[in-house]
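Colleague: For reference, the file run_19.pdb (PDB, C-alpha atoms, pLDDT in the B column) is included below:
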```
ATOM      1  CA  THR A   1     -73.396 -21.346  57.123  1.00 69.00           C
ATOM      2  CA  GLN A   2     -70.887 -21.816  59.921  1.00 76.00           C
ATOM      3  CA  LEU A   3     -68.346 -19.005  60.340  1.00 87.00           C
ATOM      4  CA  LEU A   4     -65.447 -18.423  62.686  1.00 93.00           C
ATOM      5  CA  GLU A   5     -64.298 -14.888  63.363  1.00 95.00           C
ATOM      6  CA  GLN A   6     -60.849 -14.266  64.755  1.00 97.00           C
ATOM      7  CA  SER A   7     -59.665 -11.123  66.461  1.00 96.00           C
ATOM      8  CA  PRO A   8     -57.482  -9.252  66.263  1.00 97.00           C
ATOM      9  CA  GLN A   9     -56.399  -9.780  62.651  1.00 96.00           C
ATOM     10  CA  PHE A  10     -52.966  -8.249  63.265  1.00 97.00           C
ATOM     11  CA  LEU A  11     -50.934  -7.932  66.428  1.00 97.00           C
ATOM     12  CA  SER A  12     -47.464  -6.409  66.828  1.00 97.00           C
ATOM     13  CA  ILE A  13     -45.990  -6.556  70.318  1.00 97.00           C
ATOM     14  CA  GLN A  14     -42.665  -6.419  72.133  1.00 97.00           C
ATOM     15  CA  GLU A  15     -40.901  -9.486  73.443  1.00 97.00           C
ATOM     16  CA  GLY A  16     -42.095 -10.333  76.949  1.00 97.00           C
ATOM     17  CA  GLU A  17     -45.640  -9.020  76.551  1.00 97.00           C
ATOM     18  CA  ASN A  18     -48.768 -11.143  76.964  1.00 97.00           C
ATOM     19  CA  LEU A  19     -51.508 -11.429  74.357  1.00 97.00           C
ATOM     20  CA  THR A  20     -54.852 -13.113  73.730  1.00 98.00           C
ATOM     21  CA  VAL A  21     -56.377 -14.132  70.403  1.00 98.00           C
ATOM     22  CA  TYR A  22     -60.117 -14.773  70.194  1.00 97.00           C
ATOM     23  CA  CYS A  23     -62.105 -17.073  67.939  1.00 97.00           C
ATOM     24  CA  ASN A  24     -65.890 -16.622  67.955  1.00 96.00           C
ATOM     25  CA  SER A  25     -68.893 -18.175  66.239  1.00 94.00           C
ATOM     26  CA  SER A  26     -72.656 -18.373  66.561  1.00 91.00           C
ATOM     27  CA  SER A  27     -72.414 -22.098  65.746  1.00 90.00           C
ATOM     28  CA  VAL A  28     -71.564 -25.028  67.969  1.00 91.00           C
ATOM     29  CA  PHE A  29     -68.527 -27.114  67.029  1.00 89.00           C
ATOM     30  CA  SER A  30     -67.669 -30.664  68.037  1.00 87.00           C
ATOM     31  CA  SER A  31     -64.057 -29.592  68.513  1.00 88.00           C
ATOM     32  CA  LEU A  32     -61.821 -26.607  67.976  1.00 91.00           C
ATOM     33  CA  GLN A  33     -58.267 -26.763  66.729  1.00 93.00           C
ATOM     34  CA  TRP A  34     -55.527 -24.142  66.771  1.00 96.00           C
ATOM     35  CA  TYR A  35     -52.818 -24.062  64.131  1.00 96.00           C
ATOM     36  CA  ARG A  36     -49.727 -21.973  63.552  1.00 97.00           C
ATOM     37  CA  GLN A  37     -48.535 -21.251  60.023  1.00 96.00           C
ATOM     38  CA  GLU A  38     -45.205 -19.757  58.984  1.00 94.00           C
ATOM     39  CA  PRO A  39     -44.541 -18.171  55.571  1.00 90.00           C
ATOM     40  CA  GLY A  40     -44.109 -20.758  52.825  1.00 89.00           C
ATOM     41  CA  GLU A  41     -45.330 -23.601  55.007  1.00 93.00           C
ATOM     42  CA  GLY A  42     -48.573 -25.366  55.785  1.00 95.00           C
ATOM     43  CA  PRO A  43     -50.419 -24.955  59.101  1.00 96.00           C
ATOM     44  CA  VAL A  44     -49.110 -27.024  62.002  1.00 95.00           C
ATOM     45  CA  LEU A  45     -51.529 -28.270  64.649  1.00 94.00           C
ATOM     46  CA  LEU A  46     -50.924 -26.843  68.135  1.00 96.00           C
ATOM     47  CA  VAL A  47     -53.875 -28.253  70.080  1.00 95.00           C
ATOM     48  CA  THR A  48     -57.383 -29.695  69.853  1.00 92.00           C
ATOM     49  CA  VAL A  49     -60.028 -28.847  72.453  1.00 92.00           C
ATOM     50  CA  VAL A  50     -63.153 -30.980  72.601  1.00 90.00           C
ATOM     51  CA  THR A  51     -65.043 -30.452  75.864  1.00 91.00           C
ATOM     52  CA  GLY A  52     -66.872 -27.217  76.696  1.00 93.00           C
ATOM     53  CA  GLY A  53     -64.858 -25.258  79.261  1.00 94.00           C
ATOM     54  CA  GLU A  54     -61.715 -27.258  78.549  1.00 95.00           C
ATOM     55  CA  VAL A  55     -58.353 -25.572  79.164  1.00 97.00           C
ATOM     56  CA  LYS A  56     -55.106 -26.901  77.683  1.00 97.00           C
ATOM     57  CA  LYS A  57     -51.600 -25.602  78.197  1.00 97.00           C
ATOM     58  CA  LEU A  58     -48.641 -25.943  75.860  1.00 95.00           C
ATOM     59  CA  LYS A  59     -45.629 -24.301  77.523  1.00 96.00           C
ATOM     60  CA  ARG A  60     -46.422 -20.539  77.412  1.00 97.00           C
ATOM     61  CA  LEU A  61     -49.609 -21.048  75.382  1.00 97.00           C
ATOM     62  CA  THR A  62     -53.006 -21.534  77.059  1.00 97.00           C
ATOM     63  CA  PHE A  63     -56.030 -22.600  75.028  1.00 97.00           C
ATOM     64  CA  GLN A  64     -59.622 -22.461  76.235  1.00 97.00           C
ATOM     65  CA  PHE A  65     -62.842 -23.791  74.694  1.00 95.00           C
ATOM     66  CA  GLY A  66     -66.000 -21.906  75.623  1.00 94.00           C
ATOM     67  CA  ASP A  67     -68.614 -23.620  77.768  1.00 93.00           C
ATOM     68  CA  ALA A  68     -71.094 -23.618  74.862  1.00 93.00           C
ATOM     69  CA  ARG A  69     -68.412 -24.829  72.393  1.00 91.00           C
ATOM     70  CA  LYS A  70     -68.947 -21.769  70.198  1.00 93.00           C
ATOM     71  CA  ASP A  71     -65.762 -19.848  70.970  1.00 94.00           C
ATOM     72  CA  SER A  72     -62.154 -20.292  71.954  1.00 96.00           C
ATOM     73  CA  SER A  73     -59.154 -18.255  73.015  1.00 97.00           C
ATOM     74  CA  LEU A  74     -55.397 -18.542  72.802  1.00 98.00           C
ATOM     75  CA  HIS A  75     -53.321 -16.746  75.424  1.00 98.00           C
ATOM     76  CA  ILE A  76     -49.550 -16.400  75.089  1.00 98.00           C
ATOM     77  CA  THR A  77     -47.524 -15.428  78.130  1.00 98.00           C
ATOM     78  CA  ALA A  78     -44.201 -13.607  77.758  1.00 98.00           C
ATOM     79  CA  ALA A  79     -44.186 -13.732  73.961  1.00 97.00           C
ATOM     80  CA  GLN A  80     -40.892 -14.466  72.196  1.00 97.00           C
ATOM     81  CA  PRO A  81     -39.787 -13.583  68.631  1.00 96.00           C
ATOM     82  CA  GLY A  82     -40.091 -17.299  67.822  1.00 95.00           C
ATOM     83  CA  ASP A  83     -43.861 -17.034  68.407  1.00 96.00           C
ATOM     84  CA  THR A  84     -44.167 -14.853  65.298  1.00 96.00           C
ATOM     85  CA  GLY A  85     -46.524 -16.356  62.729  1.00 96.00           C
ATOM     86  CA  LEU A  86     -50.109 -16.735  61.566  1.00 97.00           C
ATOM     87  CA  TYR A  87     -52.402 -18.310  64.162  1.00 98.00           C
ATOM     88  CA  LEU A  88     -55.514 -20.046  62.854  1.00 97.00           C
ATOM     89  CA  CYS A  89     -58.466 -21.474  64.700  1.00 96.00           C
ATOM     90  CA  ALA A  90     -60.511 -24.171  62.989  1.00 94.00           C
ATOM     91  CA  GLY A  91     -63.797 -25.740  63.989  1.00 91.00           C
ATOM     92  CA  ALA A  92     -65.011 -29.240  63.216  1.00 85.00           C
ATOM     93  CA  GLY A  93     -68.732 -29.215  62.494  1.00 78.00           C
ATOM     94  CA  ILE A  94     -71.342 -31.439  64.078  1.00 74.00           C
ATOM     95  CA  GLY A  95     -73.204 -33.873  61.843  1.00 65.00           C
ATOM     96  CA  SER A  96     -72.344 -36.238  59.030  1.00 48.00           C
ATOM     97  CA  GLY A  97     -72.327 -33.439  56.463  1.00 48.00           C
ATOM     98  CA  ASN A  98     -69.402 -31.781  58.152  1.00 51.00           C
ATOM     99  CA  THR A  99     -67.322 -34.818  58.945  1.00 51.00           C
ATOM    100  CA  GLY A 100     -63.683 -34.000  58.349  1.00 63.00           C
ATOM    101  CA  LYS A 101     -64.447 -30.531  57.017  1.00 82.00           C
ATOM    102  CA  LEU A 102     -62.718 -27.856  59.043  1.00 89.00           C
ATOM    103  CA  ILE A 103     -63.962 -24.281  59.069  1.00 91.00           C
ATOM    104  CA  PHE A 104     -61.056 -21.891  59.531  1.00 95.00           C
ATOM    105  CA  GLY A 105     -61.025 -18.393  60.879  1.00 96.00           C
ATOM    106  CA  GLN A 106     -59.257 -15.747  58.815  1.00 96.00           C
ATOM    107  CA  GLY A 107     -56.213 -15.890  61.055  1.00 96.00           C
ATOM    108  CA  THR A 108     -54.283 -13.612  63.385  1.00 97.00           C
ATOM    109  CA  THR A 109     -50.877 -12.422  62.219  1.00 97.00           C
ATOM    110  CA  LEU A 110     -48.620 -12.050  65.239  1.00 97.00           C
ATOM    111  CA  GLN A 111     -45.315 -10.200  65.137  1.00 97.00           C
ATOM    112  CA  VAL A 112     -43.135 -10.268  68.255  1.00 97.00           C
ATOM    113  CA  LYS A 113     -40.321  -7.737  68.141  1.00 97.00           C
ATOM    114  CA  PRO A 114     -37.098  -8.343  70.105  1.00 96.00           C
TER     115      PRO A 114
ATOM    116  CA  GLU B   1     -42.076 -41.232  58.787  1.00 60.00           C
ATOM    117  CA  THR B   2     -42.576 -39.223  55.598  1.00 73.00           C
ATOM    118  CA  GLY B   3     -44.840 -36.202  55.908  1.00 91.00           C
ATOM    119  CA  VAL B   4     -47.267 -34.788  53.376  1.00 95.00           C
ATOM    120  CA  THR B   5     -45.558 -33.689  50.175  1.00 96.00           C
ATOM    121  CA  GLN B   6     -47.064 -31.526  47.461  1.00 97.00           C
ATOM    122  CA  SER B   7     -45.933 -30.761  43.919  1.00 97.00           C
ATOM    123  CA  PRO B   8     -45.202 -28.481  42.301  1.00 97.00           C
ATOM    124  CA  THR B   9     -44.363 -25.832  44.898  1.00 97.00           C
ATOM    125  CA  HIS B  10     -45.110 -22.954  42.554  1.00 97.00           C
ATOM    126  CA  LEU B  11     -47.060 -22.720  39.311  1.00 96.00           C
ATOM    127  CA  ILE B  12     -48.033 -19.939  36.931  1.00 98.00           C
ATOM    128  CA  LYS B  13     -50.954 -20.468  34.566  1.00 98.00           C
ATOM    129  CA  THR B  14     -53.001 -18.362  32.192  1.00 98.00           C
ATOM    130  CA  ARG B  15     -56.729 -17.723  32.588  1.00 98.00           C
ATOM    131  CA  GLY B  16     -58.748 -20.490  30.897  1.00 98.00           C
ATOM    132  CA  GLN B  17     -56.048 -23.143  31.260  1.00 98.00           C
ATOM    133  CA  GLN B  18     -56.275 -26.311  33.332  1.00 98.00           C
ATOM    134  CA  VAL B  19     -54.016 -27.350  36.204  1.00 98.00           C
ATOM    135  CA  THR B  20     -53.281 -30.531  38.168  1.00 98.00           C
ATOM    136  CA  LEU B  21     -51.796 -30.405  41.662  1.00 98.00           C
ATOM    137  CA  ARG B  22     -50.446 -33.492  43.399  1.00 98.00           C
ATOM    138  CA  CYS B  23     -50.254 -34.654  46.990  1.00 98.00           C
ATOM    139  CA  SER B  24     -48.640 -37.644  48.683  1.00 96.00           C
ATOM    140  CA  SER B  25     -50.241 -38.405  52.027  1.00 93.00           C
ATOM    141  CA  GLN B  26     -48.389 -39.232  55.214  1.00 91.00           C
ATOM    142  CA  SER B  27     -47.643 -42.910  55.711  1.00 88.00           C
ATOM    143  CA  GLY B  28     -50.617 -44.739  57.244  1.00 88.00           C
ATOM    144  CA  HIS B  29     -53.137 -42.015  56.403  1.00 91.00           C
ATOM    145  CA  ASN B  30     -56.106 -42.945  54.186  1.00 91.00           C
ATOM    146  CA  THR B  31     -57.842 -39.572  53.990  1.00 92.00           C
ATOM    147  CA  VAL B  32     -56.818 -36.495  52.033  1.00 94.00           C
ATOM    148  CA  SER B  33     -58.442 -33.078  52.256  1.00 94.00           C
ATOM    149  CA  TRP B  34     -57.776 -30.113  49.980  1.00 97.00           C
ATOM    150  CA  TYR B  35     -57.990 -26.484  51.029  1.00 97.00           C
ATOM    151  CA  GLN B  36     -57.629 -23.178  49.196  1.00 98.00           C
ATOM    152  CA  GLN B  37     -55.942 -20.325  51.054  1.00 97.00           C
ATOM    153  CA  ALA B  38     -56.172 -16.890  49.483  1.00 95.00           C
ATOM    154  CA  LEU B  39     -53.617 -14.290  50.513  1.00 92.00           C
ATOM    155  CA  GLY B  40     -54.318 -12.989  54.016  1.00 88.00           C
ATOM    156  CA  GLN B  41     -57.144 -15.457  54.629  1.00 92.00           C
ATOM    157  CA  GLY B  42     -57.664 -18.747  56.403  1.00 95.00           C
ATOM    158  CA  PRO B  43     -57.885 -21.974  54.388  1.00 96.00           C
ATOM    159  CA  GLN B  44     -61.238 -22.899  52.828  1.00 96.00           C
ATOM    160  CA  PHE B  45     -62.308 -26.521  52.495  1.00 94.00           C
ATOM    161  CA  ILE B  46     -62.558 -27.735  48.886  1.00 96.00           C
ATOM    162  CA  PHE B  47     -63.214 -31.463  49.306  1.00 94.00           C
ATOM    163  CA  GLN B  48     -62.083 -34.614  51.041  1.00 93.00           C
ATOM    164  CA  TYR B  49     -61.237 -38.059  49.679  1.00 94.00           C
ATOM    165  CA  TYR B  50     -61.516 -41.201  51.776  1.00 91.00           C
ATOM    166  CA  ARG B  51     -60.490 -44.554  50.323  1.00 89.00           C
ATOM    167  CA  GLU B  52     -60.683 -43.221  46.751  1.00 92.00           C
ATOM    168  CA  GLU B  53     -64.187 -41.730  47.091  1.00 93.00           C
ATOM    169  CA  GLU B  54     -65.180 -38.094  47.519  1.00 92.00           C
ATOM    170  CA  ASN B  55     -66.364 -37.691  51.104  1.00 89.00           C
ATOM    171  CA  GLY B  56     -67.603 -34.151  51.522  1.00 88.00           C
ATOM    172  CA  ARG B  57     -67.299 -31.022  49.432  1.00 91.00           C
ATOM    173  CA  GLY B  58     -67.145 -27.333  50.237  1.00 91.00           C
ATOM    174  CA  ASN B  59     -68.651 -24.437  48.316  1.00 92.00           C
ATOM    175  CA  PHE B  60     -66.536 -24.774  45.174  1.00 96.00           C
ATOM    176  CA  PRO B  61     -67.796 -25.110  41.566  1.00 97.00           C
ATOM    177  CA  PRO B  62     -67.608 -28.409  39.616  1.00 97.00           C
ATOM    178  CA  ARG B  63     -64.527 -27.223  37.708  1.00 98.00           C
ATOM    179  CA  PHE B  64     -62.669 -28.149  40.899  1.00 98.00           C
ATOM    180  CA  SER B  65     -62.352 -31.935  40.859  1.00 97.00           C
ATOM    181  CA  GLY B  66     -60.132 -34.514  42.452  1.00 97.00           C
ATOM    182  CA  LEU B  67     -58.936 -38.065  42.561  1.00 97.00           C
ATOM    183  CA  GLN B  68     -57.481 -40.365  45.161  1.00 96.00           C
ATOM    184  CA  PHE B  69     -55.368 -43.340  44.170  1.00 95.00           C
ATOM    185  CA  PRO B  70     -55.024 -46.800  45.793  1.00 94.00           C
ATOM    186  CA  ASN B  71     -51.839 -45.636  47.566  1.00 92.00           C
ATOM    187  CA  TYR B  72     -53.945 -42.739  49.006  1.00 93.00           C
ATOM    188  CA  SER B  73     -52.070 -40.041  47.103  1.00 95.00           C
ATOM    189  CA  SER B  74     -54.352 -37.461  45.537  1.00 97.00           C
ATOM    190  CA  GLU B  75     -54.747 -34.940  42.735  1.00 98.00           C
ATOM    191  CA  LEU B  76     -56.648 -31.686  42.571  1.00 98.00           C
ATOM    192  CA  ASN B  77     -57.701 -30.580  39.087  1.00 98.00           C
ATOM    193  CA  VAL B  78     -58.984 -27.138  38.239  1.00 98.00           C
ATOM    194  CA  ASN B  79     -60.429 -26.437  34.783  1.00 98.00           C
ATOM    195  CA  ALA B  80     -61.058 -23.090  33.090  1.00 98.00           C
ATOM    196  CA  LEU B  81     -58.812 -21.210  35.499  1.00 98.00           C
ATOM    197  CA  GLU B  82     -59.953 -17.786  36.669  1.00 98.00           C
ATOM    198  CA  LEU B  83     -57.866 -14.977  38.150  1.00 98.00           C
ATOM    199  CA  ASP B  84     -59.523 -15.543  41.553  1.00 97.00           C
ATOM    200  CA  ASP B  85     -58.166 -19.089  41.601  1.00 98.00           C
ATOM    201  CA  SER B  86     -54.762 -17.610  42.470  1.00 98.00           C
ATOM    202  CA  ALA B  87     -54.047 -18.953  45.945  1.00 97.00           C
ATOM    203  CA  LEU B  88     -52.056 -21.393  48.046  1.00 97.00           C
ATOM    204  CA  TYR B  89     -53.538 -24.880  47.669  1.00 98.00           C
ATOM    205  CA  LEU B  90     -53.005 -27.020  50.736  1.00 97.00           C
ATOM    206  CA  CYS B  91     -53.315 -30.759  50.985  1.00 97.00           C
ATOM    207  CA  ALA B  92     -53.781 -32.402  54.376  1.00 95.00           C
ATOM    208  CA  SER B  93     -53.851 -36.070  55.240  1.00 93.00           C
ATOM    209  CA  SER B  94     -55.394 -37.712  58.285  1.00 89.00           C
ATOM    210  CA  LEU B  95     -55.769 -41.161  59.791  1.00 86.00           C
ATOM    211  CA  ASP B  96     -59.476 -41.362  58.982  1.00 78.00           C
ATOM    212  CA  SER B  97     -62.395 -39.366  57.640  1.00 72.00           C
ATOM    213  CA  GLY B  98     -63.618 -38.196  61.011  1.00 71.00           C
ATOM    214  CA  ASN B  99     -62.149 -35.344  62.998  1.00 67.00           C
ATOM    215  CA  SER B 100     -58.632 -36.758  63.246  1.00 78.00           C
ATOM    216  CA  PRO B 101     -55.876 -34.137  63.284  1.00 84.00           C
ATOM    217  CA  LEU B 102     -54.867 -32.894  59.858  1.00 89.00           C
ATOM    218  CA  HIS B 103     -51.243 -32.985  58.739  1.00 93.00           C
ATOM    219  CA  PHE B 104     -50.683 -30.317  56.117  1.00 95.00           C
ATOM    220  CA  GLY B 105     -48.195 -30.161  53.294  1.00 96.00           C
ATOM    221  CA  ASN B 106     -46.451 -26.898  52.453  1.00 96.00           C
ATOM    222  CA  GLY B 107     -48.825 -26.184  49.621  1.00 97.00           C
ATOM    223  CA  THR B 108     -48.694 -25.266  45.948  1.00 98.00           C
ATOM    224  CA  ARG B 109     -48.698 -21.555  45.188  1.00 97.00           C
ATOM    225  CA  LEU B 110     -50.812 -21.082  42.027  1.00 98.00           C
ATOM    226  CA  THR B 111     -50.758 -17.785  40.179  1.00 98.00           C
ATOM    227  CA  VAL B 112     -53.267 -17.225  37.374  1.00 98.00           C
ATOM    228  CA  THR B 113     -52.488 -14.361  34.992  1.00 97.00           C
TER     229      THR B 113
END
```
Give the structure from the file, written as structure tokens.
Modeller:
Amino acid sequence: TQLLEQSPQFLSIQEGENLTVYCNSSSVFSSLQWYRQEPGEGPVLLVTVVTGGEVKKLKRLTFQFGDARKDSSLHITAAQPGDTGLYLCAGAGIGSGNTGKLIFGQGTTLQVKP
Amino acid sequence: ETGVTQSPTHLIKTRGQQVTLRCSSQSGHNTVSWYQQALGQGPQFIFQYYREEENGRGNFPPRFSGLQFPNYSSELNVNALELDDSALYLCASSLDSGNSPLHFGNGTRLTVT
């Protein structure tokens, strides 16, 4: 069974601070996606990383895929109150049995206080 | 471009009843995936429909079933509801059945009492 573990589960920081969210597994994934979900809404895709070691930047957000494609991290620089939300990592499995099936971590709830 | 829409937004049912949730996929998308998200958890994959056929299923019992229609909209049916079925049910559409990005609707919040 493929599992993704996210840490920390909860994070409350002040505006302007930096933070890193981790997503770890013992399984290899063909790709890793990061989503952000706000209350009452569905998850919204932020980024997809595919190649081991890949780094992608989205404004103040930096995403990295581990060399072995088993883990990923999300780093936010100078967090703003608008970054508040639930951050989810999701892995796409390798093999025909996992085609289209995403395995989600349990999420990291981020609160950025002004 | 119309996004993914789900109905109803909220639903309250009694244990043992049956429920049908509906999803309209984004224009041009032929694949619909359903996920269950319990409170404080990440979504869990229920199943996927591609061109009206089930194309992959997660670890959910047979009382969870689905349909996809020729216009690619979809239904999720749950029979013999249990208290643990209380959750947010998310529908996501994608361009194909591979690892294309998922576009999620805002979900149906089901409460079973």
Colleague: Please enumerate the residues selected by the ChimeraX specification (/A :<8) & /B when evaluated against the supplied file, formatted as a list in words.
Modeller: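 Those residues are Gly40, Gln41, Gly42, Pro43, Gln44, Phe45, Phe47, Gln48, Gly56, Gly58, Leu90, Ser97, Gly98, Asn99, Ser100, Pro101, Leu102, His103, Phe104, Gly105, Asn106 and Gly107 of chain B.
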Colleague: Could you pull the residues within 6 Å of Arg15 (chain B), counting all atoms listed in the file, minus those fewer than 4 positions along the same chain, as a list in words?
Modeller: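 So the residues in contact are Leu81, Glu82, Val112 and Thr113 of chain B.
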Colleague: Would you put the residues from that selection into a file with C-alpha atoms, as a compact mmCIF listing (two decimals), keeping the file's coordinate frame?
Modeller:
```txt
# COMPACT_ATOMS: atom_id res chain seq x y z
CA LEU B 81 -58.81 -21.21 35.50
CA GLU B 82 -59.95 -17.79 36.67
CA VAL B 112 -53.27 -17.23 37.37
CA THR B 113 -52.49 -14.36 34.99
```
Colleague: Looking at only C-alpha atoms, which of B:Thr5, B:Thr111, B:Ser86, B:Ser65 is the one that sits closest to Gln36 (chain B)?
Modeller: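 Nearest candidate to Gln36 (chain B) out of B:Thr5, B:Thr111, B:Ser86, B:Ser65: B:Ser86.
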Colleague: For a test of reading the model, state the distance in Å between CA of Ile94 (chain A) and CA of Ala38 (chain B), rounded to one decimal.
Modeller: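 Calculated distance between CA of Ile94 (chain A) and CA of Ala38 (chain B) is 25.6 Å.
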Colleague: For the provided coordinates, the residues matched by the PyMOL selection byres ((chain A and resi 13-19) around 12) should be stated as number ranges by chain.
Modeller: A: 7-8, 10-12, 20-22, 60-62, 73-84, 108-114
Colleague: Can you pull out the residues contacting Ile46 (chain B)? Cut-off 7 Å, using all atoms listed in the file, and skip same-chain residues under 4 positions away; I want them as an MDAnalysis selection string.
Modeller: chainID B and resid 34:36 57:60
Colleague: Would you compute the box with edges along x, y and z of the file around region 61-80 of chain A, including every atom the file lists for it and 5 Å extra on each side, and give its centre and edge lengths in Å to one decimal, as AutoDock Vina command-line options?
Modeller:
```
--center_x -56.0 --center_y -19.2 --center_z 74.2 --size_x 40.2 --size_y 21.2 --size_z 17.9
```
Colleague: How many Å lie between CA of Ala80 (chain B) and CA of Gln6 (chain B), rounded to one decimal?
Modeller: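 These two atoms are separated by 21.8 Å.
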Colleague: What is the CA of Asp85 (chain B)-CA of Leu46 (chain A) distance in Å, reported with one decimal?
Modeller: 28.6 Å
Colleague: If the PyMOL selection byres ((chain B and resi 95) around 8) were run on this exact file, what residues would it hold? Put them as number ranges by chain.
Modeller: B: 28-31, 93-94, 96-97, 100-101
Colleague: Which polymer residues, protein or nucleic acid, are no farther than 6 Å from (-66.9, -19.0, 66.0), counting only C-alpha atoms, as a list in words?
Modeller: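 Checked against the point, the hits come out as Leu3, Leu4, Glu5, Cys23, Asn24, Ser25, Ser26, Lys70 and Asp71 of chain A.
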Colleague: Of the candidates A:Gln2, A:Lys56, A:Thr51, A:Tyr35, which shows the shortest atom-to-atom distance to Ala68 (chain A), using all atoms listed in the file?
Modeller: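 Checking each of A:Gln2, A:Lys56, A:Thr51, A:Tyr35 against Ala68 (chain A), counting all atoms listed in the file, the winner is A:Thr51.
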Colleague: Counting only C-alpha atoms, what is within 10 Å of Asn79 (chain B), bar same-chain residues fewer than 6 positions away, as a list in words?
Modeller: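 Contacts, in chain order: Arg15, Gly16, Gln17, Gln18, Val19, Thr20, Pro62, Arg63, Phe64 and Ser65 of chain B.
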Colleague: Fewer than 6 positions away in the same chain doesn't count, so skip those; otherwise give me all residues within 6 Å of Arg22 (chain B), counting all atoms listed in the file, as a ChimeraX atom specification.
Modeller: /B:6-7,74-75
